[in-house]
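Just entry.csv here, CSV, C-alpha atoms:
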```csv
chain,number,residue,atom,x,y,z
U,192,MET,CA,7.7,15.1,2.7
U,193,ILE,CA,11.3,14.1,2.2
U,194,ARG,CA,13.7,16.7,0.7
U,195,ASP,CA,16.9,14.6,0.5
U,196,PHE,CA,18.5,11.6,2.2
U,197,TRP,CA,21.8,9.9,2.4
U,198,VAL,CA,23.3,6.9,4.2
U,199,LYS,CA,26.8,5.4,4.7
U,200,ASN,CA,27.9,2.1,6.0
U,201,TYR,CA,24.6,0.3,6.2
U,202,LEU,CA,23.6,-3.2,5.0
U,203,SER,CA,25.1,-3.5,1.5
U,204,ILE,CA,25.9,0.2,1.3
U,205,ARG,CA,29.5,1.1,2.1
U,206,ASP,CA,30.0,4.5,0.6
U,207,LYS,CA,27.6,7.3,0.8
U,208,GLN,CA,24.4,6.9,-1.3
U,209,GLU,CA,22.1,9.8,-1.8
U,210,LEU,CA,18.5,10.5,-3.0
U,211,SER,CA,17.1,13.9,-3.7
U,212,PHE,CA,13.5,14.9,-4.3
U,213,VAL,CA,14.2,18.6,-5.0
U,214,ALA,CA,12.6,19.9,-8.2
U,215,LYS,CA,13.5,23.1,-10.0
U,216,GLY,CA,9.9,24.2,-10.3
U,217,PRO,CA,6.3,23.1,-10.9
U,218,SER,CA,7.3,21.1,-14.0
U,219,SER,CA,4.7,18.4,-13.7
U,220,GLU,CA,1.8,17.0,-11.7
U,221,LEU,CA,4.4,14.9,-9.8
U,222,VAL,CA,5.8,18.1,-8.2
U,223,THR,CA,4.3,19.9,-5.3
U,224,GLU,CA,5.2,23.2,-3.5
U,225,VAL,CA,5.8,22.3,0.1
U,226,ALA,CA,6.8,25.8,1.1
U,227,ASP,CA,7.1,29.2,-0.6
U,228,GLY,CA,9.3,28.6,-3.6
U,229,VAL,CA,10.3,25.1,-2.5
U,230,PHE,CA,9.3,22.3,-4.9
U,231,LEU,CA,9.7,18.6,-4.3
U,232,TYR,CA,8.8,15.5,-6.3
U,233,LYS,CA,5.9,13.5,-4.8
U,234,LEU,CA,7.3,10.2,-6.1
U,235,GLY,CA,10.6,8.5,-6.4
U,236,ILE,CA,11.3,5.1,-8.1
U,237,LEU,CA,14.4,3.0,-7.7
U,238,TYR,CA,14.8,0.7,-10.6
U,239,GLY,CA,17.5,-1.8,-11.2
U,240,SER,CA,18.7,-5.4,-11.2
U,241,ASN,CA,18.1,-7.8,-8.4
U,242,ALA,CA,20.4,-7.5,-5.3
U,243,SER,CA,21.5,-4.0,-6.4
U,244,GLY,CA,20.5,-2.4,-3.0
U,245,LYS,CA,17.1,-0.9,-3.8
U,246,SER,CA,15.4,-2.4,-0.8
U,247,ASN,CA,18.3,-1.5,1.5
U,248,MET,CA,17.8,2.2,0.6
U,249,LEU,CA,14.2,1.9,1.6
U,250,ILE,CA,15.1,0.1,4.8
U,251,ALA,CA,17.7,2.8,5.6
U,252,MET,CA,15.2,5.6,5.0
U,253,ASN,CA,12.7,3.9,7.3
U,254,GLU,CA,15.4,3.3,9.9
U,255,VAL,CA,16.5,7.0,10.2
U,256,PHE,CA,12.9,7.9,11.2
U,257,ARG,CA,12.6,5.0,13.6
U,258,LEU,CA,15.8,6.1,15.3
U,259,LEU,CA,14.4,9.6,15.6
U,260,VAL,CA,11.1,8.7,17.3
U,261,MET,CA,11.4,5.3,19.0
U,262,PRO,CA,13.0,5.3,22.5
U,263,LYS,CA,14.6,2.5,24.5
U,264,ALA,CA,13.5,1.7,28.0
U,265,ASP,CA,16.8,0.2,29.1
U,266,ALA,CA,20.3,1.5,28.5
U,267,THR,CA,21.6,-2.1,27.8
U,268,VAL,CA,19.3,-2.6,24.8
U,269,GLU,CA,21.2,-2.6,21.5
U,270,ILE,CA,20.3,-0.5,18.6
U,271,GLY,CA,18.6,-3.2,16.4
U,272,GLY,CA,18.8,-1.0,13.3
U,273,CYS,CA,22.6,-1.0,13.3
U,274,ILE,CA,23.6,-3.3,10.5
U,275,PRO,CA,26.9,-2.0,9.1
U,276,PHE,CA,28.5,-3.1,5.9
U,277,VAL,CA,30.3,-6.3,6.6
U,278,LEU,CA,33.8,-5.1,5.6
U,279,THR,CA,33.5,-2.0,7.7
U,280,LYS,CA,31.5,-3.4,10.6
U,281,ASN,CA,33.6,-1.7,13.2
U,282,GLU,CA,32.9,1.7,11.8
U,283,PRO,CA,29.7,3.7,12.7
U,284,THR,CA,26.7,4.0,10.4
U,285,GLU,CA,25.8,7.5,9.3
U,286,MET,CA,22.5,8.8,8.0
U,287,HIS,CA,21.0,12.2,7.1
U,288,VAL,CA,17.5,13.2,6.2
U,289,SER,CA,15.9,16.5,5.4
U,290,PHE,CA,12.1,16.7,5.4
U,291,TYR,CA,9.1,19.0,5.7
U,292,ALA,CA,6.6,18.7,8.5
U,293,ASP,CA,3.6,21.1,8.4
U,294,GLY,CA,5.5,23.4,6.0
U,295,THR,CA,8.6,23.6,8.2
U,296,ARG,CA,11.9,22.1,7.1
U,297,TYR,CA,13.9,19.8,9.4
U,298,ASP,CA,17.5,18.5,8.9
U,299,TYR,CA,18.5,15.5,10.9
U,300,ASP,CA,22.0,13.9,11.0
U,301,VAL,CA,22.9,10.8,13.1
U,302,LYS,CA,26.0,8.6,13.7
U,303,PHE,CA,25.6,5.4,15.6
U,304,ASN,CA,26.9,1.9,16.3
U,305,GLY,CA,25.2,-1.1,17.9
U,306,LYS,CA,25.2,0.3,21.4
U,307,HIS,CA,25.2,4.1,21.3
U,308,ILE,CA,24.1,7.2,19.4
U,309,LEU,CA,27.5,8.7,18.9
U,310,SER,CA,26.2,12.0,17.7
U,311,GLU,CA,23.0,13.5,16.3
U,312,ALA,CA,21.9,17.0,15.3
U,313,LEU,CA,18.4,18.3,14.5
U,314,TYR,CA,18.0,21.7,12.9
U,315,TYR,CA,14.9,23.4,11.6
U,316,TYR,CA,13.8,26.5,9.7
U,317,PRO,CA,11.0,28.2,11.6
U,318,ASN,CA,11.4,31.5,9.8
U,319,LYS,CA,13.2,30.3,6.7
U,320,SER,CA,16.5,30.6,8.6
U,321,LYS,CA,18.4,27.6,10.0
U,322,SER,CA,18.0,27.3,13.8
U,323,LEU,CA,19.3,24.6,16.2
U,324,PHE,CA,16.6,22.3,17.6
U,325,TYR,CA,19.1,20.2,19.5
U,326,GLU,CA,22.5,18.5,19.1
U,327,ARG,CA,24.0,15.8,21.3
U,328,SER,CA,27.3,13.9,21.5
U,329,PHE,CA,28.3,10.7,23.2
U,330,VAL,CA,30.5,11.2,26.3
U,331,GLY,CA,31.0,7.7,27.7
U,332,GLU,CA,29.4,4.5,28.9
U,333,ASN,CA,26.9,5.2,31.6
U,334,VAL,CA,27.6,8.9,31.3
U,335,GLN,CA,24.9,11.4,30.4
U,336,ALA,CA,25.2,12.6,26.8
U,337,ASP,CA,26.2,16.2,26.1
U,338,ILE,CA,23.0,17.8,24.8
U,339,LYS,CA,22.5,21.4,23.7
U,340,PHE,CA,19.2,23.0,22.8
U,341,GLY,CA,18.4,25.8,20.4
U,342,ALA,CA,17.5,29.2,22.0
U,343,SER,CA,14.4,29.5,19.7
U,344,LEU,CA,12.7,26.5,21.5
U,345,LYS,CA,12.6,28.6,24.7
U,346,LEU,CA,12.9,25.6,26.9
U,347,GLN,CA,13.0,26.1,30.7
U,348,VAL,CA,16.2,25.0,32.4
U,349,LYS,CA,14.3,22.3,34.4
U,350,THR,CA,12.8,21.0,31.1
U,351,GLN,CA,16.3,20.8,29.5
U,352,GLU,CA,17.6,18.9,32.5
U,353,SER,CA,14.6,16.5,32.5
U,354,ILE,CA,15.2,15.7,28.8
U,355,ARG,CA,18.9,15.1,29.5
U,356,GLU,CA,18.1,12.8,32.4
U,357,ASN,CA,15.7,10.7,30.3
U,358,THR,CA,17.9,10.5,27.2
U,359,LEU,CA,19.8,7.2,27.2
U,360,ASN,CA,22.8,6.7,25.0
U,361,ASN,CA,20.9,4.2,22.8
U,362,HIS,CA,18.1,6.4,21.6
U,363,SER,CA,17.5,9.9,20.2
U,364,VAL,CA,16.7,13.0,22.2
U,365,LEU,CA,13.5,13.6,20.3
U,366,SER,CA,12.2,10.1,21.3
U,367,VAL,CA,12.2,11.1,25.0
U,368,CYS,CA,8.8,12.7,24.7
U,369,ARG,CA,7.4,9.3,23.9
U,370,LYS,CA,8.4,7.8,27.2
U,371,ALA,CA,8.4,10.7,29.7
U,372,ALA,CA,5.8,13.3,30.7
U,373,LEU,CA,7.5,16.6,30.5
U,374,LYS,CA,6.6,20.3,30.9
U,375,GLU,CA,4.3,22.2,28.6
U,376,ASP,CA,7.2,24.1,27.1
U,377,ILE,CA,8.2,20.8,25.3
U,378,ALA,CA,5.4,21.4,22.8
U,379,PRO,CA,7.8,21.7,19.8
U,380,PHE,CA,9.1,18.2,20.6
U,381,ASN,CA,5.7,16.7,21.0
U,382,THR,CA,4.4,18.4,17.8
U,383,LEU,CA,7.2,17.1,15.7
U,384,HIS,CA,7.2,13.6,17.2
U,385,ALA,CA,3.4,13.2,16.8
U,386,TRP,CA,3.6,14.4,13.2
U,387,ILE,CA,6.3,11.8,12.3
U,388,MET,CA,4.4,9.0,14.1
U,389,SER,CA,1.2,9.8,12.2
U,390,ASN,CA,2.7,10.4,8.7
U,391,TYR,CA,5.7,8.1,8.3
U,392,HIS,CA,5.2,4.4,7.7
U,393,ASP,CA,7.3,1.3,7.8
U,394,VAL,CA,8.4,-0.4,4.5
U,395,ASP,CA,5.2,-1.7,2.7
U,396,GLY,CA,3.0,0.1,5.1
U,397,ASP,CA,1.1,-1.2,8.2
U,398,VAL,CA,1.6,-4.9,7.5
U,399,GLU,CA,0.1,-5.8,10.8
U,400,LYS,CA,-3.3,-4.8,9.5
U,401,GLY,CA,-5.2,-7.6,7.8
U,402,LEU,CA,-6.8,-7.2,4.4
U,403,VAL,CA,-10.3,-7.7,6.0
U,404,GLU,CA,-9.6,-4.9,8.5
U,405,ILE,CA,-8.3,-2.6,5.7
U,406,LEU,CA,-11.3,-3.2,3.5
U,407,LYS,CA,-13.8,-2.9,6.3
U,408,ASP,CA,-12.3,0.4,7.4
U,409,ALA,CA,-12.5,1.7,3.9
U,410,TYR,CA,-16.1,0.5,3.5
U,411,SER,CA,-17.2,2.5,6.5
U,412,ASN,CA,-15.9,5.7,4.9
U,413,PRO,CA,-18.0,6.5,1.8
U,414,LYS,CA,-15.3,8.6,0.2
U,415,LYS,CA,-12.6,6.0,0.8
U,416,ARG,CA,-14.9,3.2,-0.3
U,417,LYS,CA,-15.6,5.0,-3.6
U,418,PHE,CA,-11.9,5.4,-4.1
U,419,TYR,CA,-11.3,1.7,-3.6
U,420,ASN,CA,-14.1,0.6,-5.9
U,421,THR,CA,-12.9,3.0,-8.6
U,422,MET,CA,-9.3,1.9,-8.4
U,423,LEU,CA,-10.3,-1.8,-8.5
U,424,GLN,CA,-12.3,-1.1,-11.6
U,425,LYS,CA,-9.4,0.8,-13.2
U,426,ALA,CA,-7.0,-2.1,-12.6
U,427,ASP,CA,-9.0,-4.2,-15.1
U,428,LEU,CA,-9.6,-6.9,-12.5
U,429,ASN,CA,-13.3,-7.3,-13.5
U,430,ILE,CA,-14.2,-6.2,-10.0
U,431,LEU,CA,-17.2,-3.8,-9.8
U,432,GLU,CA,-17.3,-3.4,-6.0
U,433,TYR,CA,-16.8,-5.2,-2.7
U,434,ARG,CA,-18.7,-5.6,0.6
U,435,PRO,CA,-18.1,-7.0,4.0
U,436,ILE,CA,-19.8,-10.3,4.9
U,437,VAL,CA,-20.0,-12.8,7.8
U,438,GLU,CA,-19.0,-16.4,7.0
U,439,ASP,CA,-19.6,-19.6,9.0
U,440,ARG,CA,-16.5,-21.0,10.6
U,441,ILE,CA,-15.9,-24.6,11.3
U,442,VAL,CA,-14.2,-25.2,14.7
U,443,PRO,CA,-13.1,-28.8,15.2
U,444,ASN,CA,-14.2,-30.4,18.4
U,445,ASP,CA,-10.6,-31.3,19.5
U,446,PHE,CA,-9.5,-27.7,19.0
U,447,ARG,CA,-12.6,-26.5,20.9
U,448,GLU,CA,-11.8,-28.8,23.8
U,449,ARG,CA,-8.1,-27.8,23.9
U,450,ILE,CA,-9.0,-24.1,24.0
U,451,GLN,CA,-11.5,-24.6,26.8
U,452,LYS,CA,-8.8,-26.1,28.9
U,453,GLU,CA,-6.2,-23.4,28.2
U,454,ASN,CA,-5.4,-20.9,31.0
U,455,ILE,CA,-6.3,-17.8,28.9
U,456,PRO,CA,-8.9,-15.0,29.4
U,457,GLU,CA,-12.5,-15.9,28.5
U,458,GLU,CA,-12.6,-13.1,26.0
U,459,MET,CA,-9.7,-14.7,24.0
U,460,LYS,CA,-11.5,-18.1,24.2
U,461,ASP,CA,-14.6,-16.5,22.7
U,462,VAL,CA,-12.6,-15.0,19.8
U,463,LEU,CA,-10.9,-18.3,19.1
U,464,LEU,CA,-14.1,-20.3,19.2
U,465,LYS,CA,-16.3,-17.8,17.5
U,466,PRO,CA,-18.6,-19.8,15.0
U,467,THR,CA,-18.5,-17.0,12.4
U,468,THR,CA,-15.7,-14.8,10.9
U,469,ASP,CA,-15.6,-11.5,9.2
U,470,SER,CA,-14.7,-11.6,5.5
U,471,ILE,CA,-15.0,-9.7,2.2
U,472,THR,CA,-16.6,-10.6,-1.1
U,473,PHE,CA,-16.1,-9.0,-4.5
U,474,LEU,CA,-18.7,-8.5,-7.2
U,475,ASN,CA,-17.1,-9.5,-10.5
U,476,HIS,CA,-18.4,-8.9,-13.9
U,477,SER,CA,-18.4,-11.2,-17.0
U,478,ASP,CA,-20.3,-11.4,-20.3
U,479,ASN,CA,-22.4,-14.1,-18.8
U,480,GLY,CA,-23.4,-12.2,-15.7
U,481,ASP,CA,-22.1,-10.9,-12.4
U,482,PHE,CA,-20.9,-13.1,-9.6
U,483,ASP,CA,-19.2,-13.0,-6.2
U,484,ILE,CA,-15.7,-14.1,-5.4
U,485,PRO,CA,-14.5,-14.2,-1.7
U,486,LEU,CA,-11.3,-12.5,-0.6
U,487,ARG,CA,-9.5,-15.8,0.0
U,488,TRP,CA,-9.9,-16.7,-3.7
U,489,GLN,CA,-8.4,-13.5,-5.0
U,490,SER,CA,-4.8,-13.7,-6.4
U,491,LYS,CA,-1.8,-12.6,-4.4
U,492,GLY,CA,-1.3,-9.8,-6.9
U,493,THR,CA,-4.9,-8.5,-6.2
U,494,GLN,CA,-4.3,-8.8,-2.5
U,495,LYS,CA,-1.1,-6.8,-2.7
U,496,TYR,CA,-2.8,-4.2,-4.9
U,497,ILE,CA,-5.4,-3.7,-2.1
U,498,ARG,CA,-2.6,-3.0,0.4
U,499,ILE,CA,-1.1,-0.5,-2.0
U,500,LEU,CA,-4.5,1.2,-2.3
U,501,ASP,CA,-4.5,1.8,1.5
U,502,ALA,CA,-1.2,3.7,1.0
U,503,LEU,CA,-2.4,5.6,-2.1
U,504,TYR,CA,-5.5,6.9,-0.4
U,505,ASP,CA,-3.4,8.3,2.5
U,506,LEU,CA,-1.0,9.9,0.0
U,507,ILE,CA,-3.7,11.8,-2.0
U,508,THR,CA,-5.6,12.9,1.1
U,509,SER,CA,-2.9,13.8,3.6
U,510,PRO,CA,0.9,14.3,3.9
U,511,HIS,CA,2.0,10.7,4.4
U,512,VAL,CA,5.3,9.0,3.4
U,513,TYR,CA,5.4,5.4,2.3
U,514,TYR,CA,8.2,3.1,1.2
U,515,LEU,CA,6.7,0.4,-1.2
U,516,ASP,CA,9.0,-2.4,-2.2
U,517,GLU,CA,8.8,-4.7,-5.2
U,518,LEU,CA,6.0,-3.0,-7.0
U,519,LEU,CA,7.1,-4.3,-10.3
U,520,VAL,CA,8.8,-7.7,-10.9
U,521,ARG,CA,10.4,-8.8,-14.2
U,522,PRO,CA,12.8,-11.7,-14.9
U,523,ASP,CA,15.9,-9.5,-14.6
U,524,ASN,CA,14.7,-6.3,-13.0
U,525,GLU,CA,12.4,-5.1,-10.2
U,526,SER,CA,11.6,-1.7,-8.6
U,527,SER,CA,11.2,0.0,-5.3
U,528,CYS,CA,9.2,3.1,-4.7
U,529,VAL,CA,9.5,6.0,-2.3
U,530,LEU,CA,6.4,8.1,-1.9
U,531,PRO,CA,7.3,11.2,0.2
```

This entry written out as structure tokens:
Amino acid sequence: MIRDFWVKNYLSIRDKQELSFVAKGPSSELVTEVADGVFLYKLGILYGSNASGKSNMLIAMNEVFRLLVMPKADATVEIGGCIPFVLTKNEPTEMHVSFYADGTRYDYDVKFNGKHILSEALYYYPNKSKSLFYERSFVGENVQADIKFGASLKLQVKTQESIRENTLNNHSVLSVCRKAALKEDIAPFNTLHAWIMSNYHDVDGDVEKGLVEILKDAYSNPKKRKFYNTMLQKADLNILEYRPIVEDRIVPNDFRERIQKENIPEEMKDVLLKPTTDSITFLNHSDNGDFDIPLRWQSKGTQKYIRILDALYDLITSPHVYYLDELLVRPDNESSCVLP
């Protein structure tokens, strides 16, 4: 869960903009105790006029975690997430995030431009006291960064040197464990990295997953299927339940002939020319009887609601963080949501 976050010089944000999820106590069901005596809000909503920067705050929160866990294979690759405010484009972008992973607090600060991580520091609180995880600073082009490790990690000297050798100037120190096989004593790195990769999601979730895939996955899990059906019913969509189906698929002869001539694997040809396709149908209720409506005929609003359900299920069953944009649209106002 996210404790607090701030960003400076990013997209439309010039001066430091901050968000805090710290609560004074268990004041409502929207508050949870993440550690002994530490209470955070489960939900944050950004509400305001169009083009006021709500989406950019979500993108920034997403970017700080991408910087933390995604490495670069080549030192010449630019940092794609560096999009400074246009009037201060020659100044570095700065971000900070404090978050909890498996009950342990981590504080991460980073300063970067389009080519280099200029500085970064990761601290944690293994015994409720602040300890250094690592800190690094940029030394120069094609020069190894200056990296210091916390004594509490108990890393061997060889492991520290291996991490330094694999840390390029355009990605974080933590992300090294994604691209290099290191010694067993790097376990604290691997544990944190794996936790972030599993629990933090891009803006609007895993958009590469199709609706059919999302609904089929949920259908195969009785608990998740029940949740989906219940939430669809509560949304007053007249939907009682849904089920996967197989539909016939028309493949035009000219398309079939073109695919057969293509120099692509036979497995790919089979998929492209498959005479059937997986789909979903929804059982709808009316005063005149129940009837089926296929997924392709559902409204865009219903389809987006289904994607949101995928995030909501994760949020109520495990410690995931989602950034959901444009949940509510009105003529003059819209909202963005952070679910930490």

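The shortest atom-to-atom distance to U:Val255, with all atoms listed in the file taken into account, belongs to U:Ser363 out of U:Ser490, U:Ser389, U:Gln335, U:Ser363.
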
Self-check item: Surrounding residues of U:Tyr433 excluding itself and chain neighbours under 6 positions, 8 Å, all atoms listed in the file, as a PyMOL selection string
Solution: chain U and resi 420+471-474

Quiz item: Residues at most 7 Å from stretch 356-360 of chain U, counting all atoms listed in the file, excluding those fewer than 4 positions away in the same chain, as a list in words?
Solution: Ala266, His307, Ile308, Ala336, Glu352, Val364 and Val367 of chain U

With C-alpha atoms retained, export the selected residues as a PDB file, keeping the file's coordinate frame.
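See again23.pdb below for the written result:
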```pdb
ATOM      1  CA  ALA U 266      20.300   1.500  28.500  1.00  0.00           C
ATOM      2  CA  HIS U 307      25.200   4.100  21.300  1.00  0.00           C
ATOM      3  CA  ILE U 308      24.100   7.200  19.400  1.00  0.00           C
ATOM      4  CA  ALA U 336      25.200  12.600  26.800  1.00  0.00           C
ATOM      5  CA  GLU U 352      17.600  18.900  32.500  1.00  0.00           C
ATOM      6  CA  VAL U 364      16.700  13.000  22.200  1.00  0.00           C
ATOM      7  CA  VAL U 367      12.200  11.100  25.000  1.00  0.00           C
TER       8      VAL U 367
END
```

Do a neighbour search on U:Glu254 at 10 Å with all atoms listed in the file, toss out local chain neighbours closer than 2 positions, and write the hits as an mmCIF file with C-alpha atoms, in the coordinates of the input.
```
data_model
loop_
_atom_site.group_PDB
_atom_site.id
_atom_site.type_symbol
_atom_site.label_atom_id
_atom_site.label_comp_id
_atom_site.auth_asym_id
_atom_site.auth_seq_id
_atom_site.Cartn_x
_atom_site.Cartn_y
_atom_site.Cartn_z
ATOM 1 C CA MET U 248 17.800 2.200 0.600
ATOM 2 C CA LEU U 249 14.200 1.900 1.600
ATOM 3 C CA ILE U 250 15.100 0.100 4.800
ATOM 4 C CA ALA U 251 17.700 2.800 5.600
ATOM 5 C CA MET U 252 15.200 5.600 5.000
ATOM 6 C CA PHE U 256 12.900 7.900 11.200
ATOM 7 C CA ARG U 257 12.600 5.000 13.600
ATOM 8 C CA LEU U 258 15.800 6.100 15.300
ATOM 9 C CA LEU U 259 14.400 9.600 15.600
ATOM 10 C CA GLY U 271 18.600 -3.200 16.400
ATOM 11 C CA GLY U 272 18.800 -1.000 13.300
ATOM 12 C CA CYS U 273 22.600 -1.000 13.300
ATOM 13 C CA MET U 286 22.500 8.800 8.000
ATOM 14 C CA ASP U 393 7.300 1.300 7.800
ATOM 15 C CA VAL U 394 8.400 -0.400 4.500
#
```

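Residues within 9 Å of U:Asn361, counting all atoms listed in the file and excluding same-chain residues fewer than 6 positions away, are Pro262, Lys263, Asp265, Ala266, Thr267, Val268, Glu269, Ile270, Phe303, Gly305, Lys306, His307, Ile308 and Leu309 of chain U.
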
Practice problem: Would you list the contacts of U:Lys417 as number ranges by chain, taking every protein, DNA or RNA residue within 12 Å and counting all atoms listed in the file, but skipping same-chain residues closer than 2 positions in sequence? | Solution: U: 406, 409-415, 419-424, 431-434, 500, 504

Dump C-alpha atoms of stretch 261-338 of chain U from the given block, as a compact mmCIF listing (two decimals), in the first residue's frame.
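This is the output file decode.txt:
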```txt
# COMPACT_ATOMS: atom_id res chain seq x y z
CA MET U 261 12.30 -2.25 -14.85
CA PRO U 262 15.95 -2.46 -16.02
CA LYS U 263 17.57 -1.44 -19.31
CA ALA U 264 19.61 -3.86 -21.40
CA ASP U 265 21.67 -1.13 -23.05
CA ALA U 266 23.27 1.95 -21.53
CA THR U 267 22.27 4.02 -24.58
CA VAL U 268 18.51 3.48 -24.10
CA GLU U 269 16.82 6.64 -22.92
CA ILE U 270 14.54 6.76 -19.89
CA GLY U 271 11.19 6.84 -21.67
CA GLY U 272 9.34 7.94 -18.56
CA CYS U 273 11.25 11.23 -18.42
CA ILE U 274 8.74 13.85 -19.58
CA PRO U 275 9.62 17.08 -17.74
CA PHE U 276 7.45 20.19 -17.57
CA VAL U 277 7.96 22.02 -20.86
CA LEU U 278 9.21 25.29 -19.30
CA THR U 279 11.75 23.48 -17.11
CA LYS U 280 12.67 20.70 -19.52
CA ASN U 281 16.40 21.05 -18.82
CA GLU U 282 15.91 20.35 -15.12
CA PRO U 283 15.64 16.81 -13.69
CA THR U 284 12.41 15.16 -12.64
CA GLU U 285 12.09 14.22 -8.96
CA MET U 286 9.79 11.62 -7.39
CA HIS U 287 9.25 10.14 -3.94
CA VAL U 288 7.09 7.27 -2.79
CA SER U 289 6.68 5.65 0.60
CA PHE U 290 4.90 2.29 0.61
CA TYR U 291 4.36 -0.91 2.58
CA ALA U 292 5.28 -4.37 1.27
CA ASP U 293 4.40 -7.35 3.46
CA GLY U 294 4.11 -5.05 6.47
CA THR U 295 7.50 -3.38 5.96
CA ARG U 296 7.76 0.29 5.05
CA TYR U 297 10.00 1.42 2.18
CA ASP U 298 10.91 5.00 1.22
CA TYR U 299 12.17 5.61 -2.31
CA ASP U 300 13.49 8.87 -3.76
CA VAL U 301 14.76 9.30 -7.30
CA LYS U 302 16.04 12.15 -9.48
CA PHE U 303 16.50 11.54 -13.21
CA ASN U 304 16.68 13.03 -16.67
CA GLY U 305 16.23 11.45 -20.09
CA LYS U 306 19.58 9.65 -20.00
CA HIS U 307 20.56 8.96 -16.41
CA ILE U 308 19.37 8.22 -12.91
CA LEU U 309 21.12 11.12 -11.22
CA SER U 310 20.47 9.89 -7.70
CA GLU U 311 18.25 7.43 -5.90
CA ALA U 312 17.88 6.23 -2.34
CA LEU U 313 15.88 3.34 -0.93
CA TYR U 314 15.35 3.06 2.82
CA TYR U 315 13.31 0.52 4.77
CA TYR U 316 12.13 -0.10 8.32
CA PRO U 317 12.80 -3.78 9.12
CA ASN U 318 12.52 -3.27 12.88
CA LYS U 319 10.48 -0.03 12.92
CA SER U 320 13.72 1.93 12.62
CA LYS U 321 14.95 3.51 9.40
CA SER U 322 17.75 1.59 7.70
CA LEU U 323 19.56 2.07 4.42
CA PHE U 324 18.69 -0.42 1.67
CA TYR U 325 20.90 1.31 -0.89
CA GLU U 326 21.76 4.72 -2.26
CA ARG U 327 23.42 5.65 -5.55
CA SER U 328 24.64 8.75 -7.32
CA PHE U 329 25.64 9.46 -10.90
CA VAL U 330 29.39 9.86 -11.41
CA GLY U 331 29.70 10.36 -15.15
CA GLU U 332 28.96 9.08 -18.63
CA ASN U 333 30.17 5.48 -19.06
CA VAL U 334 31.37 5.51 -15.46
CA GLN U 335 30.06 3.10 -12.84
CA ALA U 336 27.61 4.72 -10.44
CA ASP U 337 28.59 5.24 -6.81
CA ILE U 338 26.40 2.74 -4.89
```
